Structure formats: C-alpha cells, structure tokens
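S.K.: Provided herewith: target18.cif, mmCIF, C-alpha atoms and all ligand atoms.
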```cif
data_my_file
loop_
_atom_site.group_PDB
_atom_site.id
_atom_site.type_symbol
_atom_site.label_atom_id
_atom_site.label_comp_id
_atom_site.auth_asym_id
_atom_site.auth_seq_id
_atom_site.Cartn_x
_atom_site.Cartn_y
_atom_site.Cartn_z
ATOM 1 C CA MET A 1 0.000 0.000 0.000
ATOM 2 C CA HIS A 2 1.208 3.505 -0.871
ATOM 3 C CA ILE A 3 0.055 6.320 1.427
ATOM 4 C CA ALA A 4 0.807 9.960 0.608
ATOM 5 C CA ILE A 5 0.366 12.744 3.150
ATOM 6 C CA ILE A 6 0.049 16.504 2.658
ATOM 7 C CA MET A 7 1.114 17.718 6.097
ATOM 8 C CA ASP A 8 -0.845 20.968 6.277
ATOM 9 C CA GLY A 9 -1.881 23.226 9.151
ATOM 10 C CA ASN A 10 1.420 23.884 10.951
ATOM 11 C CA GLY A 11 1.020 27.672 10.634
ATOM 12 C CA ARG A 12 -2.553 27.694 11.951
ATOM 13 C CA TRP A 13 -1.614 25.328 14.783
ATOM 14 C CA ALA A 14 1.036 27.873 15.837
ATOM 15 C CA ALA A 15 -1.280 30.891 15.383
ATOM 16 C CA GLN A 16 -3.892 29.296 17.665
ATOM 17 C CA ARG A 17 -1.219 29.194 20.368
ATOM 18 C CA HIS A 18 0.132 32.693 19.643
ATOM 19 C CA LEU A 19 3.413 31.125 18.550
ATOM 20 C CA PRO A 20 5.523 31.915 15.479
ATOM 21 C CA ARG A 21 4.883 29.793 12.381
ATOM 22 C CA THR A 22 8.283 28.141 12.811
ATOM 23 C CA ALA A 23 7.085 26.679 16.137
ATOM 24 C CA GLY A 24 4.280 25.019 14.154
ATOM 25 C CA HIS A 25 6.814 23.511 11.763
ATOM 26 C CA ARG A 26 8.905 22.254 14.692
ATOM 27 C CA ALA A 27 5.814 20.577 16.168
ATOM 28 C CA GLY A 28 5.045 19.235 12.679
ATOM 29 C CA ALA A 29 8.499 17.682 12.403
ATOM 30 C CA LYS A 30 7.898 15.885 15.728
ATOM 31 C CA ALA A 31 4.589 14.520 14.423
ATOM 32 C CA VAL A 32 6.421 13.009 11.435
ATOM 33 C CA ASP A 33 8.304 10.491 13.599
ATOM 34 C CA ALA A 34 5.153 9.017 15.166
ATOM 35 C CA ILE A 35 3.379 8.665 11.821
ATOM 36 C CA VAL A 36 6.393 7.049 10.134
ATOM 37 C CA ALA A 37 6.564 4.515 12.979
ATOM 38 C CA ALA A 38 2.777 3.899 12.841
ATOM 39 C CA ALA A 39 2.856 3.381 9.067
ATOM 40 C CA ALA A 40 5.760 0.932 9.353
ATOM 41 C CA ARG A 41 3.912 -0.939 12.128
ATOM 42 C CA HIS A 42 0.839 -1.241 9.907
ATOM 43 C CA GLY A 43 2.885 -2.741 7.068
ATOM 44 C CA VAL A 44 2.541 0.234 4.692
ATOM 45 C CA GLY A 45 4.852 -0.391 1.711
ATOM 46 C CA THR A 46 5.479 3.232 0.705
ATOM 47 C CA LEU A 47 4.862 6.448 2.631
ATOM 48 C CA SER A 48 5.297 9.744 0.753
ATOM 49 C CA LEU A 49 5.376 12.951 2.825
ATOM 50 C CA TYR A 50 5.105 16.438 1.296
ATOM 51 C CA ALA A 51 7.694 18.396 3.270
ATOM 52 C CA PHE A 52 8.463 21.302 0.938
ATOM 53 C CA SER A 53 6.746 22.095 -2.341
ATOM 54 C CA ALA A 54 8.365 24.004 -5.195
ATOM 55 C CA ALA A 55 5.797 26.743 -4.442
ATOM 56 C CA ASN A 56 6.989 26.978 -0.820
ATOM 57 C CA TRP A 57 10.044 28.957 -2.029
ATOM 58 C CA ASN A 58 7.608 31.901 -2.109
ATOM 59 C CA ARG A 59 7.453 31.965 1.710
ATOM 60 C CA PRO A 60 9.508 34.436 3.764
ATOM 61 C CA THR A 61 13.235 33.580 3.765
ATOM 62 C CA ALA A 62 13.279 32.968 7.526
ATOM 63 C CA GLU A 63 10.472 30.385 7.265
ATOM 64 C CA VAL A 64 12.140 28.624 4.310
ATOM 65 C CA SER A 65 15.396 28.472 6.187
ATOM 66 C CA ALA A 66 13.659 27.105 9.323
ATOM 67 C CA LEU A 67 12.054 24.365 7.225
ATOM 68 C CA PHE A 68 15.413 23.367 5.740
ATOM 69 C CA THR A 69 16.980 23.315 9.214
ATOM 70 C CA LEU A 70 14.252 20.877 10.286
ATOM 71 C CA LEU A 71 14.871 18.732 7.222
ATOM 72 C CA ARG A 72 18.611 18.615 7.910
ATOM 73 C CA ARG A 73 17.913 17.674 11.529
ATOM 74 C CA HIS A 74 15.462 15.010 10.415
ATOM 75 C CA LEU A 75 17.997 13.428 8.072
ATOM 76 C CA LEU A 76 20.724 13.588 10.714
ATOM 77 C CA THR A 77 18.662 12.086 13.534
ATOM 78 C CA GLN A 78 16.183 9.803 11.778
ATOM 79 C CA THR A 79 18.531 7.832 9.527
ATOM 80 C CA ARG A 80 19.566 5.653 12.496
ATOM 81 C CA ARG A 81 15.913 5.168 13.515
ATOM 82 C CA CYS A 82 15.079 4.194 9.945
ATOM 83 C CA LEU A 83 17.879 1.626 9.988
ATOM 84 C CA GLU A 84 16.480 0.205 13.249
ATOM 85 C CA GLN A 85 13.029 -0.100 11.642
ATOM 86 C CA SER A 86 14.403 -1.291 8.276
ATOM 87 C CA ILE A 87 12.973 1.792 6.527
ATOM 88 C CA ARG A 88 14.478 2.897 3.205
ATOM 89 C CA MET A 89 14.740 6.674 2.827
ATOM 90 C CA ASN A 90 14.346 8.519 -0.455
ATOM 91 C CA VAL A 91 14.051 12.265 -0.949
ATOM 92 C CA ILE A 92 12.069 13.040 -4.084
ATOM 93 C CA GLY A 93 11.968 16.308 -5.995
ATOM 94 C CA ARG A 94 14.455 18.677 -7.564
ATOM 95 C CA ARG A 95 17.968 18.756 -6.171
ATOM 96 C CA ASP A 96 19.519 21.490 -8.303
ATOM 97 C CA ARG A 97 18.174 24.245 -6.004
ATOM 98 C CA LEU A 98 19.234 22.576 -2.735
ATOM 99 C CA SER A 99 22.442 23.484 -0.917
ATOM 100 C CA THR A 100 25.437 21.175 -1.335
ATOM 101 C CA ASP A 101 25.410 20.128 2.324
ATOM 102 C CA LEU A 102 21.723 19.168 2.190
ATOM 103 C CA ARG A 103 22.300 17.195 -1.025
ATOM 104 C CA GLN A 104 25.138 15.356 0.699
ATOM 105 C CA LEU A 105 22.981 14.585 3.739
ATOM 106 C CA ILE A 106 20.230 13.246 1.468
ATOM 107 C CA GLU A 107 22.688 11.059 -0.436
ATOM 108 C CA HIS A 108 24.142 9.759 2.837
ATOM 109 C CA SER A 109 20.707 8.835 4.263
ATOM 110 C CA GLU A 110 19.685 7.156 1.030
ATOM 111 C CA ARG A 111 22.948 5.180 0.777
ATOM 112 C CA ALA A 112 22.863 4.162 4.446
ATOM 113 C CA THR A 113 19.306 2.784 4.208
ATOM 114 C CA ALA A 114 19.408 1.475 0.621
ATOM 115 C CA HIS A 115 19.525 -2.163 1.777
ATOM 116 C CA CYS A 116 16.494 -1.847 4.093
ATOM 117 C CA ALA A 117 13.722 -4.154 3.000
ATOM 118 C CA GLY A 118 10.860 -2.648 5.015
ATOM 119 C CA MET A 119 8.797 0.455 4.231
ATOM 120 C CA CYS A 120 10.043 3.016 1.704
ATOM 121 C CA LEU A 121 9.836 6.510 3.220
ATOM 122 C CA ARG A 122 9.777 9.202 0.520
ATOM 123 C CA ILE A 123 10.145 12.800 1.613
ATOM 124 C CA ALA A 124 9.205 15.314 -1.073
ATOM 125 C CA VAL A 125 11.457 18.385 -1.067
ATOM 126 C CA ASP A 126 11.324 21.124 -3.729
ATOM 127 C CA TYR A 127 8.700 18.942 -5.357
ATOM 128 C CA SER A 128 6.163 19.876 -8.028
ATOM 129 C CA ALA A 129 4.269 17.142 -9.883
ATOM 130 C CA GLN A 130 3.648 19.468 -12.831
ATOM 131 C CA HIS A 131 7.364 20.224 -13.093
ATOM 132 C CA SER A 132 8.186 16.487 -12.920
ATOM 133 C CA LEU A 133 5.692 15.646 -15.665
ATOM 134 C CA VAL A 134 6.922 18.398 -17.993
ATOM 135 C CA GLU A 135 10.576 17.415 -17.392
ATOM 136 C CA THR A 136 9.748 13.767 -18.086
ATOM 137 C CA CYS A 137 8.117 14.690 -21.401
ATOM 138 C CA ARG A 138 11.090 16.906 -22.268
ATOM 139 C CA CYS A 139 13.523 14.023 -21.636
ATOM 140 C CA LEU A 140 11.468 11.664 -23.798
ATOM 141 C CA GLN A 141 10.570 14.000 -26.651
ATOM 142 C CA SER A 142 12.907 12.319 -29.163
ATOM 143 C CA GLN A 143 11.274 8.884 -28.694
ATOM 144 C CA SER A 144 9.111 7.886 -31.647
ATOM 145 C CA SER A 145 7.021 5.484 -29.558
ATOM 146 C CA LEU A 146 6.676 5.344 -25.820
ATOM 147 C CA GLU A 147 5.731 2.519 -23.472
ATOM 148 C CA ARG A 148 3.996 3.488 -20.238
ATOM 149 C CA SER A 149 6.735 1.655 -18.282
ATOM 150 C CA ARG A 150 9.435 3.813 -19.928
ATOM 151 C CA PHE A 151 7.479 6.964 -19.014
ATOM 152 C CA VAL A 152 7.186 5.859 -15.406
ATOM 153 C CA GLU A 153 10.917 5.031 -15.232
ATOM 154 C CA GLN A 154 11.812 8.468 -16.569
ATOM 155 C CA LEU A 155 9.421 10.132 -14.116
ATOM 156 C CA ALA A 156 11.201 8.306 -11.293
ATOM 157 C CA ALA A 157 14.583 9.450 -12.638
ATOM 158 C CA VAL A 158 13.417 13.077 -12.836
ATOM 159 C CA ASP A 159 12.138 12.843 -9.235
ATOM 160 C CA HIS A 160 15.362 11.209 -7.958
ATOM 161 C CA ALA A 161 13.167 8.311 -6.872
ATOM 162 C CA THR A 162 15.190 5.173 -6.213
ATOM 163 C CA ALA A 163 12.485 3.192 -8.045
ATOM 164 C CA PRO A 164 9.176 3.988 -9.754
ATOM 165 C CA ALA A 165 6.582 4.446 -7.008
ATOM 166 C CA PRO A 166 3.442 2.333 -7.014
ATOM 167 C CA ASP A 167 0.220 4.289 -7.500
ATOM 168 C CA VAL A 168 -0.982 6.051 -4.371
ATOM 169 C CA ASP A 169 -3.806 4.149 -2.647
ATOM 170 C CA LEU A 170 -4.650 6.712 0.007
ATOM 171 C CA LEU A 171 -3.883 10.422 0.043
ATOM 172 C CA ILE A 172 -4.321 12.111 3.424
ATOM 173 C CA ARG A 173 -4.393 15.893 3.784
ATOM 174 C CA THR A 174 -4.515 17.407 7.240
ATOM 175 C CA GLY A 175 -5.410 21.018 8.082
ATOM 176 C CA GLY A 176 -8.888 21.166 6.521
ATOM 177 C CA GLU A 177 -8.080 22.260 2.956
ATOM 178 C CA GLN A 178 -9.328 20.010 0.169
ATOM 179 C CA ARG A 179 -6.855 20.125 -2.714
ATOM 180 C CA LEU A 180 -3.826 18.228 -4.038
ATOM 181 C CA SER A 181 -1.449 21.217 -4.230
ATOM 182 C CA ASP A 182 0.647 19.723 -7.069
ATOM 183 C CA PHE A 183 1.538 16.558 -5.121
ATOM 184 C CA LEU A 184 1.991 13.230 -6.967
ATOM 185 C CA LEU A 185 -0.587 14.070 -9.654
ATOM 186 C CA TRP A 186 0.347 11.081 -11.849
ATOM 187 C CA GLU A 187 0.567 8.622 -8.953
ATOM 188 C CA CYS A 188 -2.753 9.785 -7.410
ATOM 189 C CA ALA A 189 -4.852 8.968 -10.490
ATOM 190 C CA TYR A 190 -6.988 6.501 -8.506
ATOM 191 C CA ALA A 191 -6.073 7.460 -4.952
ATOM 192 C CA GLU A 192 -8.747 7.575 -2.296
ATOM 193 C CA LEU A 193 -8.711 11.113 -0.893
ATOM 194 C CA TYR A 194 -9.036 11.678 2.858
ATOM 195 C CA PHE A 195 -9.278 15.257 4.115
ATOM 196 C CA VAL A 196 -9.220 15.864 7.835
ATOM 197 C CA ASP A 197 -9.538 19.137 9.785
ATOM 198 C CA CYS A 198 -6.908 18.215 12.361
ATOM 199 C CA PRO A 199 -3.746 20.307 11.855
ATOM 200 C CA TRP A 200 -0.621 18.258 11.095
ATOM 201 C CA PRO A 201 1.106 18.697 14.512
ATOM 202 C CA ASP A 202 -1.955 17.094 16.190
ATOM 203 C CA PHE A 203 -2.206 14.213 13.697
ATOM 204 C CA ASP A 204 -1.125 11.231 15.799
ATOM 205 C CA ALA A 205 -1.060 7.443 15.444
ATOM 206 C CA GLN A 206 -4.751 7.233 16.412
ATOM 207 C CA ALA A 207 -5.742 9.776 13.746
ATOM 208 C CA PHE A 208 -3.659 7.815 11.230
ATOM 209 C CA GLU A 209 -5.493 4.622 12.195
ATOM 210 C CA GLU A 210 -8.844 6.409 11.689
ATOM 211 C CA ALA A 211 -7.704 7.297 8.151
ATOM 212 C CA LEU A 212 -6.787 3.651 7.537
ATOM 213 C CA ALA A 213 -10.181 2.536 8.865
ATOM 214 C CA GLU A 214 -11.976 4.991 6.545
ATOM 215 C CA TYR A 215 -9.885 3.719 3.628
ATOM 216 C CA GLY A 216 -10.972 0.195 4.534
ATOM 217 C CA ARG A 217 -14.627 1.286 4.160
ATOM 218 C CA ARG A 218 -14.107 2.763 0.681
ATOM 219 C CA GLU A 219 -15.015 0.740 -2.362
ATOM 220 C CA ARG A 220 -12.297 0.986 -5.008
ATOM 221 C CA ARG A 221 -13.670 0.316 -8.448
ATOM 222 C CA PHE A 222 -10.966 1.642 -10.816
ATOM 223 C CA GLY A 223 -13.612 2.511 -13.390
ATOM 224 C CA GLY A 224 -15.388 -0.829 -13.032
ATOM 225 C CA ILE A 225 -18.670 -1.532 -11.284
ATOM 226 C CA PRO A 226 -19.312 -3.040 -7.865
ATOM 227 C CA ALA A 227 -18.909 -6.803 -7.936
ATOM 228 C CA ALA A 228 -22.495 -7.254 -6.715
ATOM 229 C CA GLN A 229 -24.035 -5.201 -9.560
ATOM 230 C CA THR A 230 -24.867 -6.484 -13.014
ATOM 231 C CA ALA A 231 -23.239 -4.934 -16.114
ATOM 232 C CA GLY A 232 -24.635 -1.677 -17.529
ATOM 233 C CA SER A 233 -26.055 -0.310 -14.291
ATOM 234 C CA SER A 234 -23.228 2.132 -13.436
ATOM 235 C CA SER A 235 -22.652 5.544 -14.956
ATOM 236 C CA SER A 236 -19.798 6.835 -12.802
ATOM 237 C CA HIS A 237 -16.093 6.939 -13.643
ATOM 238 C CA GLY A 238 -15.042 5.750 -10.139
HETATM 239 C C1 LIG A 301 2.145 23.181 5.556
HETATM 240 O O1 LIG A 301 1.666 23.876 6.680
HETATM 241 C C2 LIG A 301 3.387 22.525 5.894
HETATM 242 C C3 LIG A 301 4.574 22.775 5.295
HETATM 243 C C4 LIG A 301 4.734 23.734 4.190
HETATM 244 C C5 LIG A 301 5.806 22.121 5.740
HETATM 245 C C6 LIG A 301 5.681 20.720 6.265
HETATM 246 C C7 LIG A 301 6.865 20.480 7.101
HETATM 247 C C8 LIG A 301 6.915 19.765 8.215
HETATM 248 C C9 LIG A 301 5.789 18.971 8.709
HETATM 249 C C10 LIG A 301 8.163 19.695 9.057
HETATM 250 C C11 LIG A 301 9.395 19.298 8.347
HETATM 251 C C12 LIG A 301 9.294 17.982 7.683
HETATM 252 C C13 LIG A 301 10.102 16.921 7.895
HETATM 253 C C14 LIG A 301 9.936 15.681 7.098
HETATM 254 C C15 LIG A 301 11.153 16.945 8.897
HETATM 255 P P1 LIG A 301 1.434 25.441 6.549
HETATM 256 O O2 LIG A 301 2.642 26.129 7.031
HETATM 257 O O3 LIG A 301 1.047 25.789 5.155
HETATM 258 O O4 LIG A 301 0.243 25.616 7.543
HETATM 259 P P2 LIG A 301 -0.948 26.691 7.393
HETATM 260 O O5 LIG A 301 -1.724 26.311 6.165
HETATM 261 O O6 LIG A 301 -1.713 26.480 8.653
HETATM 262 O O7 LIG A 301 -0.310 28.038 7.314
#
```
Mind turning the file's structure into structure tokens?
Ligand code: FPP
M.R.:
Amino acid sequence: MHIAIIMDGNGRWAAQRHLPRTAGHRAGAKAVDAIVAAAARHGVGTLSLYAFSAANWNRPTAEVSALFTLLRRHLLTQTRRCLEQSIRMNVIGRRDRLSTDLRQLIEHSERATAHCAGMCLRIAVDYSAQHSLVETCRCLQSQSSLERSRFVEQLAAVDHATAPAPDVDLLIRTGGEQRLSDFLLWECAYAELYFVDCPWPDFDAQAFEEALAEYGRRERRFGGIPAAQTAGSSSSHG
C-alpha cells in the first residue's frame, strides 16, 4: 500500500497558540516520527510525505530556512531510527536548487538505508508534480514510440526516486483544505482522498489509524462496477 500525506496546518496550529509559524513547523516535524513509525507498524509499503513544495520557495526567507533546518535535523537524527526499523529513505523532488550540504545529507541517508527491505519513506522536497511531468516529457521528446513503463521510469529518474513508485492508494491531507497542491498528480490517479480538519502537529497514530479505517470502508472500483451489480447499471467513472 502507498500512502501519501500533505502535512498541512502547521502555521494555523502555531497561530492558535500565539506562537511563530516556525514553532508550528517544529511541532510538525515531531509529528512526522510518530506517523512514520505507525505506518511501518501497519505494514505500509510506501509512505510519501510532502515536506516542501516548489511553491513553498515563495514563503519568507526565515520560514524557508527554518524548514530546511528541520529537514537537515530530520535526516541527521532519523537515519539511524530508519535503519532500526528497516525503513528505506528517499528524498524526491528537484535537487539542483538545494544546498550542497543538504544534497550530501540526502545522499548519505539514502545510501545508508538502501539495503532496508521494510517500508520506503519518501520525503518530497522542492517537489512539483507538474514540473516532474513536464521534465519527463522533455527528456522523452525524441522517442518515436513510448511505453507506459518507460514513461514511469523516466518520471522516477526526474524525481530522484530510487524506483518507480506504485500508484498512491490513500492520500491524506490534514489542516482542513481540500486540494492536491501539485503533489503526486500522476501517482494519485486513482487514490482515495481523505481530508481531515486536524492540523498536522496534532495528527497522531490514532488519527492515522482512523484514516486507515476509513480507507478500509471505501469501495475501489478503478472505473469498473461493484462486484455485486450487473453490467450496464453504473454511470460513474469511479
Ligand atoms: C504546511 O503547513 C506545511 C509545510 C509547508 C511544511 C511541512 C513540514 C513539516 C511537517 C516539518 C518538516 C518535515 C520533515 C519531514 C522533517 P502550513 O505552514 O502551510 O500551515 P498553514 O496552512 O496552517 O499556514
């Protein structure tokens, strides 16, 4: 199972407590550890977390720099925990706009956990699905014919993904907004969408389990019709 999470609501969580936005991001970074552990415990195959979108560069410099400090800290402290839990780390997104030291930290975490056979933890940094799709097409424009598998391989290469990701089964967005914000647009083609009001710093293992339970109640049809119904009775595209 592939679960993707848009970790939204850090700023509002902080505002409700009269704290600076960066305090919300710090609390958000703490919440990440519990959810990674919960997902691994539940046997999730791939967990993709949206940590920094390409559009987030538009935030004030101090906030951007606080987010990158948290990312550095995460890579420094969580690589060992990932090894203990057999979690493979992969940072997806552009790398050409990241600092050299962050790129080196990413490469170190990925190399150190490359042999781990448990969950794949993908952290999206400077990520934009639209950018990835356009870049993939640009790389493949000289091909006269194109297999879907070749497209997916190139998309993975553009994203610095260690392997093509399976389609997303469940996309969770915290913080109450209901949009995809340019996250994994190709991979979410048939994802079940789960929007929850809870801001990311308050999203704990129990809230994650509620999302899994809701997913379990959904009927995934992939354009087909429910098994119990006879042919010709469905008009949806579900
Ligand atoms: C959106 O909340 C969240 C982000 C832009 C950053 C997410 C980052 C973290 C959870 C911490 C760092 C991540 C890792 C993996 C260590 P927002 O700021 O847009 O909240 P708002 O909508 O309430 O303003």
S.K.: To test your reading of the syntax: which residues would the PyMOL selection byres (((not hetatm)) within 7 of (chain A and resi 301)) return for the file shown? Reply as a PyMOL selection string.
M.R.: chain A and resi 7-13+21+25-26+28-29+32+49-52+56+67+70-71+74+123+175+200
S.K.: One decimal, Å: what's the distance from CA of Thr79 in chain A over to CA of Gly45 in chain A, could you say?
M.R.: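 Separation between CA of Thr79 in chain A and CA of Gly45 in chain A: 17.8 Å.
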S.K.: Quick one, how far is CA of Met1 in chain A from CA of Gly43 in chain A?
M.R.: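 Computing it gives 8.1 Å between the two atoms.
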S.K.: Got a sec to resolve the PyMOL selection byres (((chain A and resi 114) around 10) and not hetatm) on this structure and send the residues as a list in words?
M.R.: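 When the PyMOL selection byres (((chain A and resi 114) around 10) and not hetatm) is applied, the selected residues are Leu83, Ser86, Ile87, Arg88, Met89, Asn90, His108, Ser109, Glu110, Arg111, Ala112, Thr113, His115, Cys116, Ala117, Cys120 and Thr162 of chain A.
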S.K.: Would you list the contacts of range 203-207 of chain A as a PyMOL selection string, taking every protein, DNA or RNA residue within 10 Å and counting all atoms listed in the file, but skipping same-chain residues closer than 5 positions in sequence?
M.R.: chain A and resi 7+28+31-39+174-175+196-198+212-213
S.K.: I'd like the interatomic distance between CA of Thr136 in chain A and CA of Arg59 in chain A, to a tenth of an Å.
M.R.: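 The value is 27.0 Å.
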S.K.: Where does the PyMOL selection byres (((chain A and resi 187) around 10) and not hetatm) land in this file, that is, which residues does it pick, as a list in words?
M.R.: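 Matching residues under the PyMOL selection byres (((chain A and resi 187) around 10) and not hetatm) are His2, Ala4, Ala129, Val152, Pro164, Ala165, Pro166, Asp167, Val168, Asp169, Phe183, Leu184, Leu185, Trp186, Cys188, Ala189, Tyr190 and Ala191 of chain A.
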S.K.: Would you please work out which residue, of A:Ala54, A:Ser149, A:Ile3, A:Ala156, is nearest to Tyr215 in chain A when using only C-alpha atoms?
M.R.: A:Ile3
S.K.: In terms of the shortest atom-to-atom distance over all atoms listed in the file, which of A:Arg41, A:Arg148, A:Arg94, A:Arg72 is closest to Ser132 in chain A?
M.R.: A:Arg94
S.K.: Have a look at A:Ala161, A:Leu47, A:Ala14, A:Ile92 and name the one nearest to Asp126 in chain A; count all atoms listed in the file.
M.R.: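 So, comparing all the options, the nearest one is A:Ile92.
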S.K.: Please determine, counting all atoms listed in the file, which residue among A:Tyr194, A:Gly24, A:Asn58, A:Arg95 has the shortest atom-to-atom distance to Gly176 in chain A.
M.R.: A:Tyr194
S.K.: Pick out the closest residue to Cys137 in chain A from this set: A:Leu155, A:Val64, A:Ala27, A:Ala55. Count only C-alpha atoms.
M.R.: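 Going through A:Leu155, A:Val64, A:Ala27, A:Ala55 one by one, the smallest distance to Cys137 in chain A is for A:Leu155.
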